[in-house]
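S.K.: Structure file protein27.cif (mmCIF, C-alpha atoms) right here:
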data_upload
loop_
_atom_site.group_PDB
_atom_site.id
_atom_site.type_symbol
_atom_site.label_atom_id
_atom_site.label_comp_id
_atom_site.auth_asym_id
_atom_site.auth_seq_id
_atom_site.Cartn_x
_atom_site.Cartn_y
_atom_site.Cartn_z
ATOM 1 C CA MET A 97 -43.013 8.837 1.406
ATOM 2 C CA VAL A 98 -42.940 5.133 0.529
ATOM 3 C CA ASP A 99 -39.759 3.197 1.304
ATOM 4 C CA VAL A 100 -38.241 1.032 -1.432
ATOM 5 C CA PRO A 101 -35.512 -1.652 -1.279
ATOM 6 C CA GLU A 102 -31.953 -0.369 -1.450
ATOM 7 C CA SER A 103 -30.509 -2.969 -3.818
ATOM 8 C CA LEU A 104 -30.938 -2.657 -7.557
ATOM 9 C CA PRO A 105 -31.719 -6.379 -8.085
ATOM 10 C CA ALA A 106 -34.506 -6.161 -5.486
ATOM 11 C CA ARG A 107 -35.904 -3.095 -7.221
ATOM 12 C CA MET A 108 -35.848 -4.774 -10.628
ATOM 13 C CA TYR A 109 -37.606 -7.836 -9.222
ATOM 14 C CA LEU A 110 -40.431 -5.635 -7.936
ATOM 15 C CA LEU A 111 -40.574 -3.739 -11.225
ATOM 16 C CA ALA A 112 -41.099 -7.100 -12.948
ATOM 17 C CA TYR A 113 -44.326 -7.549 -10.984
ATOM 18 C CA ASP A 114 -47.449 -6.795 -13.013
ATOM 19 C CA LEU A 115 -49.852 -4.984 -10.676
ATOM 20 C CA ASN A 116 -52.759 -5.337 -13.107
ATOM 21 C CA LYS A 117 -52.429 -9.104 -13.482
ATOM 22 C CA GLN A 118 -51.055 -9.570 -9.952
ATOM 23 C CA ARG A 119 -48.232 -11.823 -11.054
ATOM 24 C CA MET A 120 -44.646 -11.669 -12.261
ATOM 25 C CA ALA A 121 -44.275 -10.475 -15.850
ATOM 26 C CA LEU A 122 -40.974 -12.354 -16.185
ATOM 27 C CA SER A 123 -39.781 -15.631 -14.733
ATOM 28 C CA GLY A 124 -37.042 -18.221 -15.073
ATOM 29 C CA GLU A 125 -33.934 -17.403 -17.050
ATOM 30 C CA ARG A 126 -35.272 -14.129 -18.463
ATOM 31 C CA LEU A 127 -35.876 -12.740 -14.995
ATOM 32 C CA GLY A 128 -32.551 -14.163 -13.862
ATOM 33 C CA TYR A 129 -30.680 -12.340 -16.627
ATOM 34 C CA LEU A 130 -32.297 -9.086 -15.549
ATOM 35 C CA LEU A 131 -31.419 -9.589 -11.882
ATOM 36 C CA ARG A 132 -27.834 -10.676 -12.557
ATOM 37 C CA ALA A 133 -27.355 -7.632 -14.771
ATOM 38 C CA ALA A 134 -28.829 -5.445 -12.034
ATOM 39 C CA ALA A 135 -26.313 -6.825 -9.543
ATOM 40 C CA LEU A 136 -23.453 -6.235 -11.983
ATOM 41 C CA THR A 137 -24.716 -2.713 -12.657
ATOM 42 C CA GLU A 138 -24.919 -1.950 -8.942
ATOM 43 C CA LEU A 139 -21.311 -3.028 -8.478
ATOM 44 C CA TYR A 140 -20.267 -0.998 -11.534
ATOM 45 C CA LEU A 141 -22.047 2.158 -10.368
ATOM 46 C CA ASP A 142 -20.579 1.806 -6.887
ATOM 47 C CA GLY A 143 -17.044 1.537 -8.312
ATOM 48 C CA ARG A 144 -16.434 -2.010 -7.123
ATOM 49 C CA LEU A 145 -16.461 -3.362 -10.670
ATOM 50 C CA THR A 146 -14.706 -1.875 -13.685
ATOM 51 C CA GLU A 147 -14.256 -2.886 -17.303
ATOM 52 C CA GLU A 148 -11.043 -4.093 -18.875
ATOM 53 C CA ARG A 149 -10.921 -5.259 -22.512
ATOM 54 C CA GLN A 150 -14.729 -5.327 -22.595
ATOM 55 C CA ARG A 151 -14.851 -7.676 -19.639
ATOM 56 C CA PRO A 152 -15.792 -7.010 -16.016
ATOM 57 C CA LYS A 153 -12.941 -6.777 -13.539
ATOM 58 C CA ALA A 154 -13.299 -6.721 -9.767
ATOM 59 C CA ASP A 155 -11.801 -3.481 -8.509
ATOM 60 C CA THR A 156 -12.590 -2.208 -5.012
ATOM 61 C CA PRO A 157 -13.245 -4.869 -2.345
ATOM 62 C CA GLY A 158 -16.373 -4.405 -0.298
ATOM 63 C CA ASP A 159 -19.938 -5.503 0.122
ATOM 64 C CA ASP A 160 -20.760 -8.383 -2.247
ATOM 65 C CA PRO A 161 -24.308 -9.458 -1.303
ATOM 66 C CA TYR A 162 -24.859 -11.733 -4.304
ATOM 67 C CA GLY A 163 -21.332 -13.109 -4.567
ATOM 68 C CA LEU A 164 -20.613 -11.771 -8.049
ATOM 69 C CA LEU A 165 -17.336 -10.074 -7.133
ATOM 70 C CA ALA A 166 -16.088 -13.326 -5.648
ATOM 71 C CA GLN A 167 -17.102 -15.243 -8.790
ATOM 72 C CA ILE A 168 -15.422 -12.747 -11.110
ATOM 73 C CA THR A 169 -12.252 -12.601 -8.996
ATOM 74 C CA ALA A 170 -11.928 -16.390 -8.960
ATOM 75 C CA SER A 171 -12.501 -16.772 -12.707
ATOM 76 C CA LYS A 172 -10.481 -16.128 -15.818
ATOM 77 C CA PRO A 173 -11.665 -13.018 -17.723
ATOM 78 C CA ARG A 174 -15.096 -13.608 -19.237
ATOM 79 C CA SER A 175 -17.656 -11.501 -21.065
ATOM 80 C CA TRP A 176 -20.411 -9.487 -19.443
ATOM 81 C CA LYS A 177 -22.904 -11.779 -21.173
ATOM 82 C CA TYR A 178 -21.349 -14.798 -19.483
ATOM 83 C CA TRP A 179 -21.847 -13.259 -16.053
ATOM 84 C CA VAL A 180 -25.391 -12.169 -16.875
ATOM 85 C CA ARG A 181 -26.289 -15.750 -17.795
ATOM 86 C CA LYS A 182 -24.381 -17.573 -15.047
ATOM 87 C CA ASP A 183 -26.538 -18.945 -12.217
ATOM 88 C CA SER A 184 -29.487 -16.923 -13.491
ATOM 89 C CA ARG A 185 -32.191 -19.146 -12.030
ATOM 90 C CA ALA A 186 -30.443 -19.270 -8.661
ATOM 91 C CA MET A 187 -30.355 -15.480 -8.693
ATOM 92 C CA VAL A 188 -34.143 -15.360 -8.986
ATOM 93 C CA ARG A 189 -34.510 -17.513 -5.873
ATOM 94 C CA THR A 190 -31.938 -15.465 -3.959
ATOM 95 C CA VAL A 191 -33.575 -12.120 -4.664
ATOM 96 C CA ARG A 192 -37.072 -13.513 -4.142
ATOM 97 C CA ASP A 193 -36.101 -14.956 -0.749
ATOM 98 C CA GLU A 194 -34.411 -11.676 0.195
ATOM 99 C CA LEU A 195 -37.583 -9.721 -0.572
ATOM 100 C CA ALA A 196 -39.814 -12.238 1.170
ATOM 101 C CA GLY A 197 -37.611 -12.253 4.263
ATOM 102 C CA ALA A 198 -37.708 -8.458 4.444
ATOM 103 C CA GLY A 199 -41.484 -8.401 4.051
ATOM 104 C CA TRP A 200 -41.700 -6.788 0.608
ATOM 105 C CA ILE A 201 -43.420 -9.760 -1.024
ATOM 106 C CA ARG A 202 -45.391 -12.852 -0.066
ATOM 107 C CA VAL A 203 -44.541 -16.223 -1.602
ATOM 108 C CA ARG A 204 -47.060 -19.052 -1.487
ATOM 109 C CA PRO A 205 -46.582 -22.567 -2.879
ATOM 110 C CA ARG A 206 -49.188 -23.796 -5.333
ATOM 111 C CA ARG A 207 -49.607 -26.468 -7.979
ATOM 112 C CA VAL A 208 -50.105 -25.790 -11.685
ATOM 113 C CA LEU A 209 -52.873 -27.990 -13.079
ATOM 114 C CA GLY A 210 -52.991 -29.543 -9.634
ATOM 115 C CA VAL A 211 -49.701 -31.354 -10.293
ATOM 116 C CA PHE A 212 -46.633 -29.193 -10.915
ATOM 117 C CA PRO A 213 -45.240 -27.268 -7.919
ATOM 118 C CA ALA A 214 -44.808 -23.513 -8.365
ATOM 119 C CA ASP A 215 -44.620 -20.356 -6.292
ATOM 120 C CA GLU A 216 -47.225 -17.609 -6.311
ATOM 121 C CA VAL A 217 -45.693 -14.188 -5.650
ATOM 122 C CA SER A 218 -47.668 -11.174 -4.459
ATOM 123 C CA VAL A 219 -46.483 -7.710 -3.483
ATOM 124 C CA ARG A 220 -47.504 -6.684 0.018
ATOM 125 C CA ASP A 221 -47.714 -2.948 -0.744
ATOM 126 C CA PRO A 222 -48.451 -1.970 -4.371
ATOM 127 C CA ARG A 223 -47.308 1.578 -3.584
ATOM 128 C CA VAL A 224 -43.714 0.313 -3.532
ATOM 129 C CA VAL A 225 -43.964 -0.880 -7.135
ATOM 130 C CA LYS A 226 -45.711 2.354 -8.143
ATOM 131 C CA THR A 227 -42.934 4.420 -6.517
ATOM 132 C CA LEU A 228 -40.238 2.488 -8.372
ATOM 133 C CA TRP A 229 -42.179 2.798 -11.616
ATOM 134 C CA GLY A 230 -42.513 6.539 -11.031
ATOM 135 C CA GLY A 231 -38.746 6.871 -10.660
ATOM 136 C CA ALA A 232 -38.140 4.987 -13.898
ATOM 137 C CA SER A 233 -40.812 7.009 -15.702
ATOM 138 C CA SER A 234 -39.257 10.251 -14.490
ATOM 139 C CA ALA A 235 -35.842 9.105 -15.682
ATOM 140 C CA LEU A 236 -37.289 8.429 -19.112
ATOM 141 C CA ARG A 237 -39.148 11.702 -19.514
ATOM 142 C CA GLY A 238 -37.819 14.202 -17.001
ATOM 143 C CA LYS A 239 -34.611 16.071 -16.199
ATOM 144 C CA PRO A 240 -31.340 15.911 -18.184
ATOM 145 C CA VAL A 241 -29.736 12.476 -18.124
ATOM 146 C CA ALA A 242 -26.754 13.689 -16.086
ATOM 147 C CA HIS A 243 -29.100 14.677 -13.245
ATOM 148 C CA VAL A 244 -31.174 11.482 -13.147
ATOM 149 C CA ASN A 245 -30.817 9.242 -10.084
ATOM 150 C CA SER A 246 -28.340 6.517 -11.063
ATOM 151 C CA TYR A 247 -30.585 3.624 -9.992
ATOM 152 C CA ASP A 248 -33.588 5.102 -11.829
ATOM 153 C CA ALA A 249 -31.435 5.475 -14.951
ATOM 154 C CA ALA A 250 -30.249 1.885 -14.567
ATOM 155 C CA ALA A 251 -33.816 0.663 -14.101
ATOM 156 C CA VAL A 252 -34.772 2.112 -17.487
ATOM 157 C CA ALA A 253 -31.648 0.728 -19.177
ATOM 158 C CA LEU A 254 -32.203 -2.745 -17.730
ATOM 159 C CA ALA A 255 -35.932 -2.731 -18.435
ATOM 160 C CA ALA A 256 -35.323 -1.809 -22.064
ATOM 161 C CA ALA A 257 -32.631 -4.454 -22.539
ATOM 162 C CA GLY A 258 -34.650 -7.096 -20.710
ATOM 163 C CA GLU A 259 -37.873 -6.283 -22.600
ATOM 164 C CA LEU A 260 -39.649 -5.625 -19.307
ATOM 165 C CA ARG A 261 -43.061 -4.471 -20.481
ATOM 166 C CA THR A 262 -44.254 -3.497 -16.999
ATOM 167 C CA VAL A 263 -41.789 -0.599 -17.185
ATOM 168 C CA LEU A 264 -41.322 -0.142 -20.930
ATOM 169 C CA PRO A 265 -43.900 -1.525 -23.354
ATOM 170 C CA ARG A 266 -42.533 -1.975 -26.868
ATOM 171 C CA PRO A 267 -44.043 1.300 -28.214
ATOM 172 C CA ASP A 268 -42.273 3.235 -25.446
ATOM 173 C CA ARG A 269 -38.986 1.486 -26.209
ATOM 174 C CA ARG A 270 -39.285 2.686 -29.807
ATOM 175 C CA ARG A 271 -40.525 6.166 -28.923
ATOM 176 C CA HIS A 272 -37.768 6.878 -26.399
ATOM 177 C CA LYS A 273 -34.955 5.027 -28.157
ATOM 178 C CA ARG A 274 -32.484 7.911 -27.957
ATOM 179 C CA ARG A 275 -33.169 8.664 -24.296
ATOM 180 C CA ILE A 276 -32.848 4.972 -23.427
ATOM 181 C CA ALA A 277 -29.487 4.856 -25.216
ATOM 182 C CA GLU A 278 -28.276 7.810 -23.140
ATOM 183 C CA LEU A 279 -29.434 6.237 -19.891
ATOM 184 C CA THR A 280 -27.853 2.928 -20.905
ATOM 185 C CA ALA A 281 -24.508 4.589 -21.651
ATOM 186 C CA ARG A 282 -24.566 6.085 -18.170
ATOM 187 C CA SER A 283 -25.439 2.784 -16.498
ATOM 188 C CA GLY A 284 -22.568 0.639 -17.773
ATOM 189 C CA PRO A 285 -22.012 -2.504 -19.850
ATOM 190 C CA ALA A 286 -24.281 -5.001 -18.073
ATOM 191 C CA ALA A 287 -27.558 -3.816 -19.630
ATOM 192 C CA PRO A 288 -26.391 -4.297 -23.248
ATOM 193 C CA ALA A 289 -25.205 -7.767 -22.206
ATOM 194 C CA VAL A 290 -28.794 -8.645 -21.244
ATOM 195 C CA LYS A 291 -29.854 -7.874 -24.802
ATOM 196 C CA LYS A 292 -27.213 -10.282 -26.141
ATOM 197 C CA ALA A 293 -28.175 -12.969 -23.642
ATOM 198 C CA LEU A 294 -31.830 -12.628 -24.620
ATOM 199 C CA ALA A 295 -30.956 -12.888 -28.308
ATOM 200 C CA ASP A 296 -29.283 -16.223 -27.548
ATOM 201 C CA TYR A 297 -32.283 -17.261 -25.450
ATOM 202 C CA TRP A 298 -34.803 -16.544 -28.208
ATOM 203 C CA GLY A 299 -32.520 -18.147 -30.780
ATOM 204 C CA ALA A 300 -32.349 -21.345 -28.745
ATOM 205 C CA ALA A 301 -36.121 -21.291 -28.236
ATOM 206 C CA ALA A 302 -36.702 -20.897 -31.965
ATOM 207 C CA GLY A 303 -34.273 -23.696 -32.752
#
Do you think you could lay out the structure here as structure tokens?

M.R.:
Amino acid sequence: MVDVPESLPARMYLLAYDLNKQRMALSGERLGYLLRAAALTELYLDGRLTEERQRPKADTPGDDPYGLLAQITASKPRSWKYWVRKDSRAMVRTVRDELAGAGWIRVRPRRVLGVFPADEVSVRDPRVVKTLWGGASSALRGKPVAHVNSYDAAAVALAAAGELRTVLPRPDRRRHKRRIAELTARSGPAAPAVKKALADYWGAAAG
């Protein structure tokens, strides 16, 4: 049996890796939104974050590996979308460094066009990505929603909201729309907030 990372953000980062092209399918803010939402979802599923008036509220103190509980506690009430967007690029670096430090990925510096610095990410063991993909695929097509592993359900919900084609190509998002909605309802409010954040992102890009 292949081991996989415990944290949901780490899992979503690996699911964003395209094994065929051997590179990340998402980067920058879009990947950051996905990872921030994954961290919020993890806290929500673990009961450390609740919802009050359609806003996240820190509930049970405890492990806060990405500092989101501390941010939410110190802030006035804000929307889920706000917290998905906040510090999104920093979140990418944090999760990437976490995975690199634990030996899940390899990060090498390179230069685009020989000038611009960038990082080249590679997965050390492709079986890890395949195992995570298998869990998400099973959640989408397998047992009743109530019996699906909570992190596998969340992976589908987040992948759909974040338009993560490595997990859910657009035809699959259309074909399994009802199942995705059920998995999203079970996974909490952070995934729908990714969809709103992306709508703003694309709107700004178009403008």

S.K.: Counting all atoms listed in the file, which residues in range 98-161 of chain A sit no more than 12 Å from range 279-289 of chain A? For each one, give the nearest pair of atoms and the distance in Å, sorted by chain then residue number, as CSV.

M.R.:
residue,atom,partner,partner_atom,distance
A:Leu104,CA,A:Ser283,CA,11.8
A:Tyr129,CA,A:Ala289,CA,9.1
A:Leu130,CA,A:Ala287,CA,8.2
A:Leu131,CA,A:Ala287,CA,10.4
A:Arg132,CA,A:Ala286,CA,8.7
A:Ala133,CA,A:Ala286,CA,5.2
A:Ala134,CA,A:Ala286,CA,7.6
A:Ala135,CA,A:Ala286,CA,9.0
A:Leu136,CA,A:Ala286,CA,6.3
A:Thr137,CA,A:Ala286,CA,5.9
A:Glu138,CA,A:Ser283,CA,8.9
A:Leu139,CA,A:Gly284,CA,10.1
A:Tyr140,CA,A:Gly284,CA,6.8
A:Leu141,CA,A:Ser283,CA,7.0
A:Asp142,CA,A:Ser283,CA,10.8
A:Gly143,CA,A:Gly284,CA,11.0
A:Leu145,CA,A:Gly284,CA,10.2
A:Thr146,CA,A:Gly284,CA,9.2
A:Glu147,CA,A:Pro285,CA,8.2
A:Glu148,CA,A:Pro285,CA,11.1
A:Arg149,CA,A:Pro285,CA,11.7
A:Gln150,CA,A:Pro285,CA,8.3
A:Arg151,CA,A:Pro285,CA,8.8
A:Pro152,CA,A:Pro285,CA,8.6
A:Lys153,CA,A:Pro285,CA,11.8

S.K.: How would the residues just picked look written out with C-alpha atoms as a compact mmCIF listing (two decimals), keeping the file's coordinate frame?

M.R.:
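Dumped everything to result_38.txt:
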# COMPACT_ATOMS: atom_id res chain seq x y z
CA LEU A 104 -30.94 -2.66 -7.56
CA TYR A 129 -30.68 -12.34 -16.63
CA LEU A 130 -32.30 -9.09 -15.55
CA LEU A 131 -31.42 -9.59 -11.88
CA ARG A 132 -27.83 -10.68 -12.56
CA ALA A 133 -27.36 -7.63 -14.77
CA ALA A 134 -28.83 -5.44 -12.03
CA ALA A 135 -26.31 -6.82 -9.54
CA LEU A 136 -23.45 -6.24 -11.98
CA THR A 137 -24.72 -2.71 -12.66
CA GLU A 138 -24.92 -1.95 -8.94
CA LEU A 139 -21.31 -3.03 -8.48
CA TYR A 140 -20.27 -1.00 -11.53
CA LEU A 141 -22.05 2.16 -10.37
CA ASP A 142 -20.58 1.81 -6.89
CA GLY A 143 -17.04 1.54 -8.31
CA LEU A 145 -16.46 -3.36 -10.67
CA THR A 146 -14.71 -1.88 -13.68
CA GLU A 147 -14.26 -2.89 -17.30
CA GLU A 148 -11.04 -4.09 -18.88
CA ARG A 149 -10.92 -5.26 -22.51
CA GLN A 150 -14.73 -5.33 -22.60
CA ARG A 151 -14.85 -7.68 -19.64
CA PRO A 152 -15.79 -7.01 -16.02
CA LYS A 153 -12.94 -6.78 -13.54

S.K.: Could you tell me which residues the PyMOL selection byres ((chain A and resi 168) around 10) returns for this structure, as a PyMOL selection string?

M.R.: chain A and resi 145+151-154+163-167+169-174+179

S.K.: If you apply the PyMOL selection byres ((chain A and resi 127) around 10) to this file, what residues do you get, as a list of chain:residue names?

M.R.: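 Given this file, the PyMOL selection byres ((chain A and resi 127) around 10) evaluates to A:Met108, A:Tyr109, A:Ala112, A:Met120, A:Ala121, A:Leu122, A:Ser123, A:Gly124, A:Glu125, A:Arg126, A:Gly128, A:Tyr129, A:Leu130, A:Leu131, A:Arg132, A:Ala133, A:Ser184, A:Arg185, A:Met187, A:Val188, A:Gly258, A:Leu260.
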
S.K.: Which residues, named as in the file, does the PyMOL selection byres ((chain A and resi 278) around 12) pick out? Answer as a PyMOL selection string.

M.R.: chain A and resi 235-236+240-242+244+249-250+252-253+256+272-277+279-284

S.K.: Report the distance between CA of Ala106 in chain A and CA of Glu194 in chain A in Å, rounded to one decimal place.

M.R.: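 Pair CA of Ala106 in chain A / CA of Glu194 in chain A returns 7.9 Å.
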
S.K.: Using only C-alpha atoms, which of the listed residues (A:Ala186, A:Val100, A:Leu111, A:Val224) sits closest to Ala251 in chain A?

M.R.: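 Under the stated criterion, the closest residue is A:Leu111.
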
S.K.: Please provide the set of residues having any atom within 10 Å of Ile201 in chain A, restricted to only C-alpha atoms, with same-chain residues fewer than 4 positions apart removed, written as a PyMOL selection string.

M.R.: chain A and resi 110+192-197+217-222

S.K.: Emit the selected residues as a PDB file, keeping the file's coordinate frame, including C-alpha atoms.

M.R.:
ATOM      1  CA  LEU A 110     -40.431  -5.635  -7.936  1.00  0.00           C
ATOM      2  CA  ARG A 192     -37.072 -13.513  -4.142  1.00  0.00           C
ATOM      3  CA  ASP A 193     -36.101 -14.956  -0.749  1.00  0.00           C
ATOM      4  CA  GLU A 194     -34.411 -11.676   0.195  1.00  0.00           C
ATOM      5  CA  LEU A 195     -37.583  -9.721  -0.572  1.00  0.00           C
ATOM      6  CA  ALA A 196     -39.814 -12.238   1.170  1.00  0.00           C
ATOM      7  CA  GLY A 197     -37.611 -12.253   4.263  1.00  0.00           C
ATOM      8  CA  VAL A 217     -45.693 -14.188  -5.650  1.00  0.00           C
ATOM      9  CA  SER A 218     -47.668 -11.174  -4.459  1.00  0.00           C
ATOM     10  CA  VAL A 219     -46.483  -7.710  -3.483  1.00  0.00           C
ATOM     11  CA  ARG A 220     -47.504  -6.684   0.018  1.00  0.00           C
ATOM     12  CA  ASP A 221     -47.714  -2.948  -0.744  1.00  0.00           C
ATOM     13  CA  PRO A 222     -48.451  -1.970  -4.371  1.00  0.00           C
TER      14      PRO A 222
END

S.K.: Taking into account only C-alpha atoms, which residue in the set A:Ala302, A:Thr190, A:Val180, A:Arg237 is nearest to Arg271 in chain A?

M.R.: A:Arg237

S.K.: Just the number, please: distance in Å from CA of Arg181 in chain A to CA of Lys117 in chain A, one decimal.

M.R.: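 Interatomic distance, CA of Arg181 in chain A to CA of Lys117 in chain A: 27.3 Å.
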
S.K.: So how many Å separate CA of Asp99 in chain A and CA of Arg204 in chain A, to one decimal?

M.R.: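 Distance reported for this atom pair: 23.6 Å.
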
S.K.: Using all atoms listed in the file for the distances, tell me which of A:Pro157, A:Ala257, A:Phe212, A:Ala198 is nearest to Ala293 in chain A.

M.R.: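 Smallest separation from Ala293 in chain A among the options: A:Ala257.
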
S.K.: Padding 4 Å on every side, please: axis-aligned box over the listed atoms of range 113-119 of chain A, centre and edge lengths to one decimal in Å, as lines of an AutoDock Vina configuration file.

M.R.:
center_x = -48.5
center_y = -8.4
center_z = -11.7
size_x = 16.4
size_y = 14.8
size_z = 11.5

S.K.: Kindly indicate which residue among A:Thr227, A:Lys291, A:Ser234, A:Lys177 lies nearest to Ala255 in chain A, using all atoms listed in the file for the distances.

M.R.: A:Lys291

S.K.: In terms of the shortest atom-to-atom distance over only C-alpha atoms, which of A:Trp229, A:Glu102, A:Tyr178, A:Trp298 is closest to Arg261 in chain A?

M.R.: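 Of all the options, A:Trp229 lies closest to Arg261 in chain A.
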